[in-house]
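Structure data follow from coords.pdb (PDB, C-alpha atoms):
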```pdb
MODEL        1
ATOM      1  CA  MET A 129       5.973 -28.068   6.388
ATOM      2  CA  GLY A 130       3.735 -25.375   7.797
ATOM      3  CA  ILE A 131       2.784 -21.931   6.553
ATOM      4  CA  TRP A 132       4.149 -18.836   8.255
ATOM      5  CA  LYS A 133       2.803 -15.297   8.094
ATOM      6  CA  LEU A 134       5.437 -12.557   8.168
ATOM      7  CA  VAL A 135       4.792  -8.842   8.733
ATOM      8  CA  VAL A 136       7.401  -6.850   6.823
ATOM      9  CA  GLU A 137       8.459  -3.201   7.001
ATOM     10  CA  TYR A 138      10.556  -1.463   4.360
ATOM     11  CA  GLU A 139      11.577   1.909   3.029
ATOM     12  CA  GLY A 140      10.961   1.571  -0.689
ATOM     13  CA  THR A 141      13.130   4.413  -1.988
ATOM     14  CA  GLU A 142      15.930   2.205  -3.303
ATOM     15  CA  PHE A 143      13.776  -0.757  -4.344
ATOM     16  CA  ALA A 144      12.307  -1.428  -7.787
ATOM     17  CA  GLY A 145       9.113  -2.476  -6.004
ATOM     18  CA  TRP A 146       8.064  -5.623  -4.167
ATOM     19  CA  GLN A 147       7.987  -8.186  -6.964
ATOM     20  CA  VAL A 148      11.109 -10.007  -8.138
ATOM     21  CA  GLN A 149      12.455  -8.606 -11.417
ATOM     22  CA  PRO A 150      15.593  -9.721 -13.291
ATOM     23  CA  GLU A 151      18.681  -7.636 -12.502
ATOM     24  CA  LEU A 152      16.724  -5.291 -10.206
ATOM     25  CA  ARG A 153      16.743  -4.891  -6.423
ATOM     26  CA  THR A 154      13.323  -5.813  -5.015
ATOM     27  CA  VAL A 155      11.888  -6.433  -1.551
ATOM     28  CA  GLN A 156      10.670  -9.925  -2.452
ATOM     29  CA  GLY A 157      14.101 -10.748  -3.828
ATOM     30  CA  GLU A 158      15.978  -9.549  -0.738
ATOM     31  CA  LEU A 159      13.575 -11.291   1.627
ATOM     32  CA  GLY A 160      13.742 -14.568  -0.299
ATOM     33  CA  ARG A 161      17.534 -14.395  -0.370
ATOM     34  CA  ALA A 162      17.782 -13.793   3.389
ATOM     35  CA  LEU A 163      15.345 -16.584   4.292
ATOM     36  CA  SER A 164      17.066 -19.016   1.926
ATOM     37  CA  THR A 165      20.458 -18.173   3.448
ATOM     38  CA  VAL A 166      19.316 -18.706   7.036
ATOM     39  CA  LEU A 167      17.145 -21.791   6.390
ATOM     40  CA  ARG A 168      19.719 -23.247   3.941
ATOM     41  CA  ARG A 169      17.213 -24.057   1.240
ATOM     42  CA  GLU A 170      15.291 -22.221  -1.449
ATOM     43  CA  VAL A 171      12.351 -20.331   0.102
ATOM     44  CA  ALA A 172       9.484 -18.978  -2.025
ATOM     45  CA  VAL A 173       7.987 -15.747  -0.665
ATOM     46  CA  GLN A 174       4.433 -14.597  -1.472
ATOM     47  CA  GLY A 175       3.370 -11.007  -0.771
ATOM     48  CA  ALA A 176      -0.008  -9.442  -0.040
ATOM     49  CA  GLY A 177       0.564  -6.458  -2.312
ATOM     50  CA  ARG A 178       2.878  -5.804  -5.254
ATOM     51  CA  THR A 179       3.946  -2.332  -4.191
ATOM     52  CA  ASP A 180       5.537  -0.216  -6.936
ATOM     53  CA  ALA A 181       9.053   1.195  -7.042
ATOM     54  CA  GLY A 182       9.516   3.767  -4.293
ATOM     55  CA  VAL A 183       6.467   2.706  -2.254
ATOM     56  CA  HIS A 184       7.036   1.917   1.430
ATOM     57  CA  ALA A 185       5.385  -0.481   3.874
ATOM     58  CA  CYS A 186       4.805  -0.669   7.611
ATOM     59  CA  GLY A 187       2.569  -3.727   7.388
ATOM     60  CA  GLN A 188       3.261  -5.692   4.213
ATOM     61  CA  VAL A 189       2.385  -9.360   4.755
ATOM     62  CA  ALA A 190       4.331 -12.272   3.277
ATOM     63  CA  SER A 191       3.755 -16.006   3.501
ATOM     64  CA  ILE A 192       6.294 -18.818   3.297
ATOM     65  CA  GLU A 193       6.383 -22.561   3.874
ATOM     66  CA  ALA A 194       8.773 -23.681   6.609
ATOM     67  CA  ALA A 195       9.223 -26.716   8.830
ATOM     68  CA  GLU A 196      11.251 -24.604  11.248
ATOM     69  CA  ASP A 197       9.971 -22.233  13.923
ATOM     70  CA  VAL A 198      10.618 -18.973  12.082
ATOM     71  CA  ASN A 199      10.611 -16.991  15.340
ATOM     72  CA  GLU A 200      13.711 -18.893  16.441
ATOM     73  CA  VAL A 201      15.677 -17.647  13.428
ATOM     74  CA  LEU A 202      14.024 -14.239  12.984
ATOM     75  CA  ALA A 203      16.995 -12.341  14.434
ATOM     76  CA  LYS A 204      19.319 -14.110  11.994
ATOM     77  CA  VAL A 205      17.025 -13.300   9.052
ATOM     78  CA  ASN A 206      16.978  -9.617  10.014
ATOM     79  CA  GLY A 207      20.764  -9.727  10.413
ATOM     80  CA  VAL A 208      21.110 -10.865   6.795
ATOM     81  CA  LEU A 209      18.542  -8.425   5.387
ATOM     82  CA  PRO A 210      19.671  -4.948   4.275
ATOM     83  CA  ARG A 211      18.909  -2.013   6.582
ATOM     84  CA  ASP A 212      15.914  -0.785   4.572
ATOM     85  CA  VAL A 213      13.813  -3.919   5.136
ATOM     86  CA  VAL A 214      12.969  -5.825   8.330
ATOM     87  CA  VAL A 215      10.621  -8.656   9.355
ATOM     88  CA  ARG A 216       8.691  -7.259  12.311
ATOM     89  CA  HIS A 217       6.714 -10.338  13.277
ATOM     90  CA  ALA A 218       6.301 -14.013  12.367
ATOM     91  CA  SER A 219       3.429 -16.328  13.310
ATOM     92  CA  PRO A 220       2.062 -19.706  12.210
ATOM     93  CA  ALA A 221      -0.766 -19.384   9.680
ATOM     94  CA  PRO A 222      -3.698 -21.748   9.078
ATOM     95  CA  PRO A 223      -3.505 -24.375   6.318
ATOM     96  CA  GLY A 224      -4.110 -22.882   2.881
ATOM     97  CA  PHE A 225      -3.122 -19.360   3.961
ATOM     98  CA  HIS A 226      -1.746 -17.181   1.165
ATOM     99  CA  ALA A 227      -0.591 -13.613   1.823
ATOM    100  CA  ARG A 228      -2.284 -12.261  -1.298
ATOM    101  CA  HIS A 229      -5.228 -14.523  -2.033
ATOM    102  CA  SER A 230      -6.427 -14.838   1.585
ATOM    103  CA  ALA A 231      -6.483 -11.067   2.198
ATOM    104  CA  VAL A 232      -9.861  -9.366   2.574
ATOM    105  CA  ARG A 233      -8.805  -5.738   3.056
ATOM    106  CA  ARG A 234      -5.800  -3.486   2.485
ATOM    107  CA  HIS A 235      -4.964  -0.240   4.301
ATOM    108  CA  TYR A 236      -2.867   2.401   2.532
ATOM    109  CA  ARG A 237      -1.660   5.810   3.681
ATOM    110  CA  TYR A 238      -0.416   8.687   1.551
ATOM    111  CA  ARG A 239       1.587  11.318   3.458
ATOM    112  CA  LEU A 240       1.454  14.958   2.437
ATOM    113  CA  HIS A 241       3.454  17.735   4.077
ATOM    114  CA  ARG A 242       2.315  21.356   4.121
ATOM    115  CA  GLY A 243       5.471  23.278   3.247
ATOM    116  CA  VAL A 244       9.000  22.156   2.425
ATOM    117  CA  VAL A 245      10.636  19.348   4.404
ATOM    118  CA  ALA A 246      14.168  17.975   4.551
ATOM    119  CA  VAL A 247      14.430  15.062   6.993
ATOM    120  CA  GLU A 248      11.402  13.142   5.687
ATOM    121  CA  ARG A 249      11.676  14.168   2.041
ATOM    122  CA  ARG A 250      11.914  10.519   0.934
ATOM    123  CA  THR A 251       8.674   9.483   2.649
ATOM    124  CA  CYS A 252       6.162  12.230   1.846
ATOM    125  CA  LEU A 253       5.047  14.659  -0.833
ATOM    126  CA  SER A 254       5.903  18.243   0.094
ATOM    127  CA  LEU A 255       3.316  20.851  -0.922
ATOM    128  CA  PRO A 256       4.632  24.442  -1.043
ATOM    129  CA  CYS A 257       1.042  25.738  -1.006
ATOM    130  CA  ALA A 258      -1.324  24.068   1.446
ATOM    131  CA  PRO A 259      -4.531  22.720  -0.187
ATOM    132  CA  ASP A 260      -8.032  23.366   1.140
ATOM    133  CA  LEU A 261      -8.666  20.274   3.307
ATOM    134  CA  GLU A 262     -12.395  20.887   3.647
ATOM    135  CA  ARG A 263     -12.800  20.766  -0.126
ATOM    136  CA  ILE A 264     -10.698  17.600  -0.206
ATOM    137  CA  ARG A 265     -12.861  15.990   2.481
ATOM    138  CA  LEU A 266     -16.039  16.816   0.548
ATOM    139  CA  ALA A 267     -14.579  15.138  -2.537
ATOM    140  CA  ALA A 268     -13.198  12.164  -0.575
ATOM    141  CA  ASP A 269     -16.629  11.464   0.935
ATOM    142  CA  ARG A 270     -17.960  10.781  -2.584
ATOM    143  CA  LEU A 271     -15.456   7.987  -3.283
ATOM    144  CA  PRO A 272     -16.379   5.048  -1.001
ATOM    145  CA  ALA A 273     -18.540   2.523  -2.864
ATOM    146  CA  SER A 274     -18.430  -0.881  -4.466
ATOM    147  CA  ARG A 275     -18.124   0.065  -8.117
ATOM    148  CA  ASP A 276     -15.953   0.325 -11.242
ATOM    149  CA  PHE A 277     -12.802   2.342 -10.512
ATOM    150  CA  ALA A 278     -11.260   2.085 -13.991
ATOM    151  CA  ALA A 279     -10.917   5.891 -14.148
ATOM    152  CA  LEU A 280      -8.490   5.738 -11.221
ATOM    153  CA  ALA A 281      -6.287   2.931 -12.571
ATOM    154  CA  SER A 282      -3.143   3.644 -14.568
ATOM    155  CA  ALA A 283      -3.163   0.256 -16.298
ATOM    156  CA  VAL A 284      -5.292  -2.877 -16.202
ATOM    157  CA  ASP A 285      -4.195  -6.361 -17.217
ATOM    158  CA  PRO A 286      -6.354  -8.141 -19.841
ATOM    159  CA  GLY A 287      -9.320  -9.758 -18.131
ATOM    160  CA  GLU A 288      -8.681  -7.983 -14.813
ATOM    161  CA  SER A 289     -11.779  -6.712 -13.021
ATOM    162  CA  THR A 290     -11.864  -2.998 -12.230
ATOM    163  CA  ILE A 291     -14.558  -3.439  -9.577
ATOM    164  CA  CYS A 292     -13.341  -2.612  -6.054
ATOM    165  CA  ARG A 293     -15.039  -2.163  -2.703
ATOM    166  CA  LEU A 294     -13.565   1.121  -1.520
ATOM    167  CA  GLU A 295     -14.571   1.287   2.136
ATOM    168  CA  SER A 296     -13.204   4.613   3.300
ATOM    169  CA  VAL A 297     -11.082   7.627   2.369
ATOM    170  CA  GLU A 298     -10.185   9.733   5.408
ATOM    171  CA  ILE A 299      -8.149  12.936   5.657
ATOM    172  CA  VAL A 300      -6.215  12.999   8.951
ATOM    173  CA  GLU A 301      -4.146  15.985  10.097
ATOM    174  CA  GLU A 302      -0.987  15.238  12.071
ATOM    175  CA  GLY A 303       0.834  18.484  12.776
ATOM    176  CA  SER A 304       2.187  19.780   9.477
ATOM    177  CA  PHE A 305       1.465  16.407   7.851
ATOM    178  CA  VAL A 306      -1.800  15.369   6.218
ATOM    179  CA  ASN A 307      -2.458  11.645   5.853
ATOM    180  CA  VAL A 308      -4.859  10.332   3.230
ATOM    181  CA  GLU A 309      -6.028   6.987   4.673
ATOM    182  CA  VAL A 310      -7.589   4.638   2.091
ATOM    183  CA  VAL A 311      -9.116   1.217   2.798
ATOM    184  CA  ALA A 312     -10.468  -1.261   0.234
ATOM    185  CA  ASN A 313     -10.754  -4.958  -0.434
ATOM    186  CA  ARG A 314      -8.367  -4.545  -3.393
ATOM    187  CA  PHE A 315      -6.637  -1.806  -5.331
ATOM    188  CA  LEU A 316      -5.906  -1.308  -9.010
ATOM    189  CA  ARG A 317      -2.483  -0.272 -10.262
ATOM    190  CA  LYS A 318      -1.508   3.205  -8.953
ATOM    191  CA  MET A 319      -5.088   3.655  -7.720
ATOM    192  CA  VAL A 320      -4.246   5.284  -4.380
ATOM    193  CA  ARG A 321      -1.749   7.672  -5.973
ATOM    194  CA  THR A 322      -4.344   8.637  -8.586
ATOM    195  CA  ILE A 323      -6.982   9.185  -5.884
ATOM    196  CA  VAL A 324      -4.614  11.549  -4.073
ATOM    197  CA  GLY A 325      -3.693  13.386  -7.273
ATOM    198  CA  THR A 326      -7.375  13.792  -8.096
ATOM    199  CA  LEU A 327      -8.224  15.053  -4.591
ATOM    200  CA  LEU A 328      -5.402  17.595  -4.800
ATOM    201  CA  GLU A 329      -6.963  19.032  -7.966
ATOM    202  CA  VAL A 330     -10.025  19.766  -5.821
ATOM    203  CA  GLY A 331      -7.981  21.014  -2.852
ATOM    204  CA  ARG A 332      -6.134  23.470  -5.081
ATOM    205  CA  GLY A 333      -9.429  24.915  -6.333
ATOM    206  CA  ARG A 334      -9.021  23.655  -9.891
ATOM    207  CA  ARG A 335     -12.081  21.406  -9.663
ATOM    208  CA  SER A 336     -15.243  21.221  -7.551
ATOM    209  CA  PRO A 337     -15.806  18.350  -5.088
ATOM    210  CA  ASP A 338     -18.628  16.863  -7.203
ATOM    211  CA  TRP A 339     -16.215  16.579 -10.156
ATOM    212  CA  ILE A 340     -15.266  13.237  -8.565
ATOM    213  CA  ASP A 341     -18.608  11.825  -9.723
ATOM    214  CA  GLU A 342     -17.861  12.790 -13.331
ATOM    215  CA  VAL A 343     -14.453  11.150 -13.144
ATOM    216  CA  LEU A 344     -15.811   7.859 -11.821
ATOM    217  CA  ASP A 345     -18.724   7.779 -14.251
ATOM    218  CA  SER A 346     -16.403   8.346 -17.212
ATOM    219  CA  GLY A 347     -14.414   5.138 -16.715
ATOM    220  CA  ASP A 348     -11.586   7.021 -18.435
ATOM    221  CA  ARG A 349      -8.200   7.445 -16.734
ATOM    222  CA  ARG A 350      -7.642  10.669 -18.695
ATOM    223  CA  ALA A 351     -10.556  12.282 -16.824
ATOM    224  CA  ALA A 352      -8.839  11.989 -13.411
ATOM    225  CA  GLY A 353      -6.010  13.944 -11.843
ATOM    226  CA  PRO A 354      -2.282  13.160 -12.089
ATOM    227  CA  VAL A 355      -0.512  10.302 -10.326
ATOM    228  CA  VAL A 356       1.393  11.665  -7.330
ATOM    229  CA  PRO A 357       4.953  10.413  -6.623
ATOM    230  CA  ALA A 358       5.452   7.004  -5.021
ATOM    231  CA  ARG A 359       7.510   8.348  -2.116
ATOM    232  CA  GLY A 360       4.472   9.346  -0.033
ATOM    233  CA  LEU A 361       2.683   5.991  -0.214
ATOM    234  CA  PHE A 362       2.724   3.347   2.531
ATOM    235  CA  LEU A 363       1.056  -0.077   2.759
ATOM    236  CA  MET A 364       0.011   0.091   6.408
ATOM    237  CA  ALA A 365      -1.799  -3.191   7.070
ATOM    238  CA  VAL A 366      -3.554  -6.162   5.508
ATOM    239  CA  ASP A 367      -6.605  -7.872   7.040
ATOM    240  CA  TYR A 368      -7.442 -11.586   6.945
ATOM    241  CA  PRO A 369     -10.365 -13.770   8.028
ATOM    242  CA  GLY A 370     -10.091 -14.497  11.734
ATOM    243  CA  ASP A 371      -8.182 -11.304  12.565
ATOM    244  CA  PRO A 372      -9.333  -9.756  15.888
ATOM    245  CA  GLY A 373     -12.046  -7.159  15.308
ATOM    246  CA  LEU A 374     -12.461  -7.994  11.627
ATOM    247  CA  LYS A 375     -16.193  -8.715  11.904
ATOM    248  CA  GLU A 376     -16.801  -5.364  13.582
ATOM    249  CA  LYS A 377     -14.856  -3.526  10.899
ATOM    250  CA  THR A 378     -16.750  -5.247   8.113
ATOM    251  CA  GLU A 379     -20.239  -4.563   9.442
TER     252      GLU A 379
ENDMDL
END
```
Entire entry expressed as structure tokens:
Amino acid sequence: MGIWKLVVEYEGTEFAGWQVQPELRTVQGELGRALSTVLRREVAVQGAGRTDAGVHACGQVASIEAAEDVNEVLAKVNGVLPRDVVVRHASPAPPGFHARHSAVRRHYRYRLHRGVVAVERRTCLSLPCAPDLERIRLAADRLPASRDFAALASAVDPGESTICRLESVEIVEEGSFVNVEVVANRFLRKMVRTIVGTLLEVGRGRRSPDWIDEVLDSGDRRAAGPVVPARGLFLMAVDYPGDPGLKEKTE
């Protein structure tokens, strides 16, 4: 048996998140069911990130054990999967590889739209009044650090560390869309959505950019802004040791 790395894309609107939950439709559950059907045995699927209900992915990573060449059956797996999830790529992984535990960096994107939108309403947050992006950028520049991000976490499991290495928060304009690109070694629960909600408080003129420092120093979730809806959030990519260009990105 070898280990295979799968890159998975899904639209999360109708999923109760990634992780298997009794009686609920999940991405992990659908993927495990499809792989087990095609390979004719029970297949355990591990994911790089436990995305919440309604969160999407372009580059979720999963790992499985398989004696077969997964590429030879990939078309069959995608034929069994529902239309809102697809395995984009499969490749052999090194011994000991685990989609979650081997990851060194996650890339998330939150999509905002300036004005109302119809076609992409399930994959972005529509803002009737456009925020001040320069104020948002000033606030975002204060976030990257290796520090305690408890104030930006909605819930923390007992014994869970709240220390993260937040590498970058970039505001990228794309026509009428604004993407908030966030990269870190790990994320706390609803952390990206809380970051965006907090930045929007600044962009709407309700808070000053240096208010971010007060929020982080407080360690208190109540000091931050609201959690924005899940529909605008995407897991874009996950980095692993040995990935091309990883050393350059880390330095």
What do you get, as a PyMOL selection string, if you spell out every residue that the PyMOL selection byres ((chain A and resi 232) around 7) selects here?
-> chain A and resi 230-231+233+313+367-368
Run the PyMOL selection byres ((chain A and resi 329) around 10) against the file shown and list the residues it catches, as a PyMOL selection string.
-> chain A and resi 259+263-264+324-328+330-337+339+352-354
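For the atom pair formed by atom CA of Asp276 of chain A and atom CA of Ser191 of chain A, the distance is 29.5 Å, given to one decimal.
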Which of A:Gly287, A:Gly303, A:Gly140, A:Gly160 sits closest to Leu363 of chain A [using all atoms listed in the file] = A:Gly140
Matched chain/residue IDs from the PyMOL selection byres ((chain A and resi 174-178) around 10), as a PyMOL selection string | chain A and resi 133-136+145-148+155-156+160+171-173+179-181+183+185+187-193+226-231+234+314-315+317+363+365-367
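Distance-wise, atom CA of Met364 of chain A and atom CA of Gly207 of chain A end up 23.3 Å apart.
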Do a neighbour search on segment 270-272 of chain A at 8 Å with only C-alpha atoms, toss out local chain neighbours closer than 2 positions, and write the hits as number ranges by chain.
-> A: 266-268, 274, 293-297, 338, 340-341
Between atom CA of Gly130 of chain A and atom CA of Pro220 of chain A, measure the distance and give it in Å to one decimal.
-> 7.4 Å
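With all atoms listed in the file as the atoms that count, the minimum distance from Asp285 of chain A to the choices A:Leu316, A:Leu167, A:Ala351, A:Cys186 is reached by A:Leu316.
The shortest atom-to-atom distance to Gly360 of chain A, with only C-alpha atoms taken into account, belongs to A:Asn307 out of A:Gln149, A:Thr290, A:Asn199, A:Asn307.
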If you count only C-alpha atoms, the residue of A:Val166, A:Leu159, A:Val355, A:Ala278 closest to Val215 of chain A turns out to be A:Leu159
Contacts of Thr251 of chain A at 7 Å (only C-alpha atoms; same-chain gap of 2+ positions) as a PyMOL selection string | chain A and resi 248-249+359-360
Residues from the last selection, C-alpha atoms, saved as a PDB file, keeping the file's coordinate frame:
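What ended up in part_13.pdb:
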```
ATOM      1  CA  GLU A 248      11.402  13.142   5.687  1.00  0.00           C
ATOM      2  CA  ARG A 249      11.676  14.168   2.041  1.00  0.00           C
ATOM      3  CA  ARG A 359       7.510   8.348  -2.116  1.00  0.00           C
ATOM      4  CA  GLY A 360       4.472   9.346  -0.033  1.00  0.00           C
TER       5      GLY A 360
END
```
Nearest candidate to Val356 of chain A (options A:Gly182, A:Val213, A:Ser304, A:Val198; using all atoms listed in the file) = A:Gly182
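When only C-alpha atoms are used to measure the gap to Tyr236 of chain A, the shortest distance among A:Arg161, A:Lys318, A:Arg275, A:Arg349 belongs to A:Lys318.
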For Pro210 of chain A, work out the shell of residues within 10 Å, counting all atoms listed in the file and skipping chain neighbours fewer than 4 positions away, then give it as a ChimeraX atom specification.
-> /A:138,155,158-159,162,205-206,214
